[in-house]
Protein chains: 2
Amino acid sequence: MQPGSTRELAHPDAADFVLTDVLFALSDPARLEITRRLAEGPLEVAACQPTGGDIPKSTLSHHLKTLREAGVVRNDPHGRQRYVSLRRDDLEQRFPGLLAAVLRAAPTGE
Amino acid sequence: MQPGSTRELAHPDAADFVLTDVLFALSDPARLEITRRLAEGPLEVAACQPTGGDIPKSTLSHHLKTLREAGVVRNDPHGRQRYVSLRRDDLEQRFPGLLAAVLRAAPTGE
DNA sequence: CCAACAGTTCTAAGATTCTCGAACCATTGA
DNA sequence: TCAATGGTTCGAGAATCTTAGAACTGTTGG
């Protein structure tokens, strides 16, 4: 039983992040909300649930995949669950100021 | 013949800009390139042509519409042509730092 | 006036994306 | 060891986006 052993998912290197992919990943309301939530700190997958908690696991997992493949998020196995975390530093290094600007943005109705 | 008369297109107010819409508009390579080009200054529609100049008018027009409806771009009639310009100030006011971060971003291969 | 021009809008086909149930896979508690 | 848990992956239908030709509109030069 190696610590933090198997079931690793693929994560792109910061140098390979593609701007349009990041923008696309963040352009979905559900994914944006997940991102905002993760700005507070890492969460297990189930806790990423955007509103209340009614979207199916597979859908949530798919959104996380989109975020992960763009480089917005990291998804690491942790026991029988997984920790999802924002790749703040990598994003900042690759696209300075971008994530900060997105997180700072006020929602539309004030 | 009023100066700058007819054929006005609809433009959303800065206060009504929606973040996900802006991000989505910028998440397409062609639209991002148009945006970058416009950062240098206003252009007539035909001059927005991303690469060389082989994409059809209707496609270009459609991309400009997406950018315009998100609030990224302004499209004003000017004689028989139109001037397309970046809504820098409105975007900066609504989403501080966002456009700057996007324009500053380096392309993927270095 | 009329033809050429600059662009938009309409329409339709093809490609992506979204959503979600079902099947599947490690990991761990009992 | 075995079943429950936490999530991912697969597959398919619905929805949305992209692309582009064709038709249409306002504007201007001759």
# chains A, B, ... in the order shown; residues from 1 in each chain; ligands from 1
>>> interface_residues(of="chain D", to="chain A", cutoff="10 Å", atoms="only C-alpha atoms (C1' of nucleotides)", output="PyMOL selection string")
chain D and resi 5-9
>>> interface_residues(of="chain B", to="chain A", cutoff="12 Å", atoms="only C-alpha atoms", output="PyMOL selection string")
chain B and resi 13-33+70+91-110
>>> residues_around(residues="C:DG21", least_positions_apart="5", cutoff="12 Å", atoms="only C-alpha atoms (C1' of nucleotides)", output="list in words")
Pro56, Lys57, Ser58 and Thr59 of chain A; DC10, DG11, DA12 and DG13 of chain D
>>> write_last_selection(atoms="C-alpha atoms (C1' of nucleotides)", output="short mmCIF file (atom, residue, chain, number, x, y, z; two decimals), in the first residue's frame")
data_model
loop_
_atom_site.label_atom_id
_atom_site.label_comp_id
_atom_site.auth_asym_id
_atom_site.auth_seq_id
_atom_site.Cartn_x
_atom_site.Cartn_y
_atom_site.Cartn_z
CA PRO A 56 -25.19 13.56 -11.34
CA LYS A 57 -21.74 12.26 -10.55
CA SER A 58 -20.92 11.61 -14.16
CA THR A 59 -21.73 15.16 -15.18
"C1'" DC D 10 -18.48 4.57 -21.80
"C1'" DG D 11 -22.35 5.31 -24.79
"C1'" DA D 12 -26.16 7.77 -26.68
"C1'" DG D 13 -29.52 11.39 -27.38
#
>>> select_by_dssp(residues="chain B", states="strand (DSSP E or B)", output="ChimeraX atom specification")
/B:43-44,73-78,81-86
>>> write_last_selection(atoms="C-alpha atoms", output="tab-separated table (two decimals), in the first residue's frame")
chain	number	residue	atom	x	y	z
B	43	LEU	CA	-10.45	47.99	-38.05
B	44	GLU	CA	-13.01	47.69	-40.77
B	73	VAL	CA	-16.33	44.45	-29.49
B	74	ARG	CA	-18.21	47.41	-30.89
B	75	ASN	CA	-19.40	47.48	-34.46
B	76	ASP	CA	-20.33	50.88	-35.86
B	77	PRO	CA	-21.46	51.73	-39.35
B	78	HIS	CA	-19.15	54.10	-41.15
B	81	GLN	CA	-18.32	49.89	-44.28
B	82	ARG	CA	-18.12	49.36	-40.55
B	83	TYR	CA	-15.57	49.98	-37.90
B	84	VAL	CA	-14.97	47.25	-35.37
B	85	SER	CA	-13.29	48.27	-32.14
B	86	LEU	CA	-12.40	46.76	-28.78
>>> closest_atom_pairs(of="chain C", to="chain B", cutoff="10 Å", atoms="only C-alpha atoms (C1' of nucleotides)", output="tab-separated table")
residue	atom	partner	partner_atom	distance
C:DC5	C1'	B:Arg80	CA	7.6
C:DA6	C1'	B:Gln81	CA	5.1
C:DG7	C1'	B:Gln81	CA	7.3
C:DT8	C1'	B:Ser61	CA	7.2
C:DT9	C1'	B:Ser58	CA	8.9
>>> atom_distance(atom1="atom CA of B:Glu8", atom2="atom CA of B:Asp54")
26.7 Å
>>> select_by_dssp(residues="chain B", states="helix (DSSP H, G or I)", output="PyMOL selection string")
chain B and resi 14-16+19-26+29-38+45-48+57-70+88-94+98-104
>>> atom_distance(atom1="atom C1' of D:DT28", atom2="atom CA of B:Thr35")
29.3 Å
>>> residues_around(residues="D:DG30", least_positions_apart="4", cutoff="12 Å", atoms="only C-alpha atoms (C1' of nucleotides)", output="list in words")
DC1, DC2, DA3 and DA4 of chain C
>>> write_last_selection(atoms="N, CA, C and O atoms (P, O5', C5', C4', C3', O3' and C1' of nucleotides)", output="PDB file, in the first residue's frame")
ATOM      1  P    DC C   1     -34.152  59.132 -59.846  1.00  0.00           P
ATOM      2  O5'  DC C   1     -33.153  57.904 -60.067  1.00  0.00           O
ATOM      3  C5'  DC C   1     -33.705  56.975 -60.889  1.00  0.00           C
ATOM      4  C4'  DC C   1     -32.669  56.421 -61.837  1.00  0.00           C
ATOM      5  C3'  DC C   1     -32.461  54.948 -61.524  1.00  0.00           C
ATOM      6  O3'  DC C   1     -32.273  54.267 -62.760  1.00  0.00           O
ATOM      7  C1'  DC C   1     -30.428  56.103 -61.204  1.00  0.00           C
ATOM      8  P    DC C   2     -32.531  52.711 -62.782  1.00  0.00           P
ATOM      9  O5'  DC C   2     -31.079  52.096 -62.823  1.00  0.00           O
ATOM     10  C5'  DC C   2     -30.019  52.835 -63.445  1.00  0.00           C
ATOM     11  C4'  DC C   2     -28.706  52.110 -63.207  1.00  0.00           C
ATOM     12  C3'  DC C   2     -28.874  50.683 -62.681  1.00  0.00           C
ATOM     13  O3'  DC C   2     -27.801  49.920 -63.192  1.00  0.00           O
ATOM     14  C1'  DC C   2     -27.762  51.959 -61.060  1.00  0.00           C
ATOM     15  P    DA C   3     -27.986  48.299 -63.288  1.00  0.00           P
ATOM     16  O5'  DA C   3     -26.479  47.850 -63.030  1.00  0.00           O
ATOM     17  C5'  DA C   3     -25.420  48.579 -63.681  1.00  0.00           C
ATOM     18  C4'  DA C   3     -24.228  48.651 -62.752  1.00  0.00           C
ATOM     19  C3'  DA C   3     -23.826  47.305 -62.162  1.00  0.00           C
ATOM     20  O3'  DA C   3     -22.415  47.216 -62.179  1.00  0.00           O
ATOM     21  C1'  DA C   3     -24.240  48.849 -60.418  1.00  0.00           C
ATOM     22  P    DA C   4     -21.721  45.823 -61.906  1.00  0.00           P
ATOM     23  O5'  DA C   4     -20.774  46.176 -60.678  1.00  0.00           O
ATOM     24  C5'  DA C   4     -19.985  47.354 -60.741  1.00  0.00           C
ATOM     25  C4'  DA C   4     -19.487  47.719 -59.356  1.00  0.00           C
ATOM     26  C3'  DA C   4     -18.930  46.521 -58.570  1.00  0.00           C
ATOM     27  O3'  DA C   4     -17.757  46.958 -57.914  1.00  0.00           O
ATOM     28  C1'  DA C   4     -20.652  47.561 -57.320  1.00  0.00           C
TER      29       DA C   4
END
>>> atom_distance(atom1="atom CA of A:Glu40", atom2="atom CA of A:Arg87")
12.4 Å
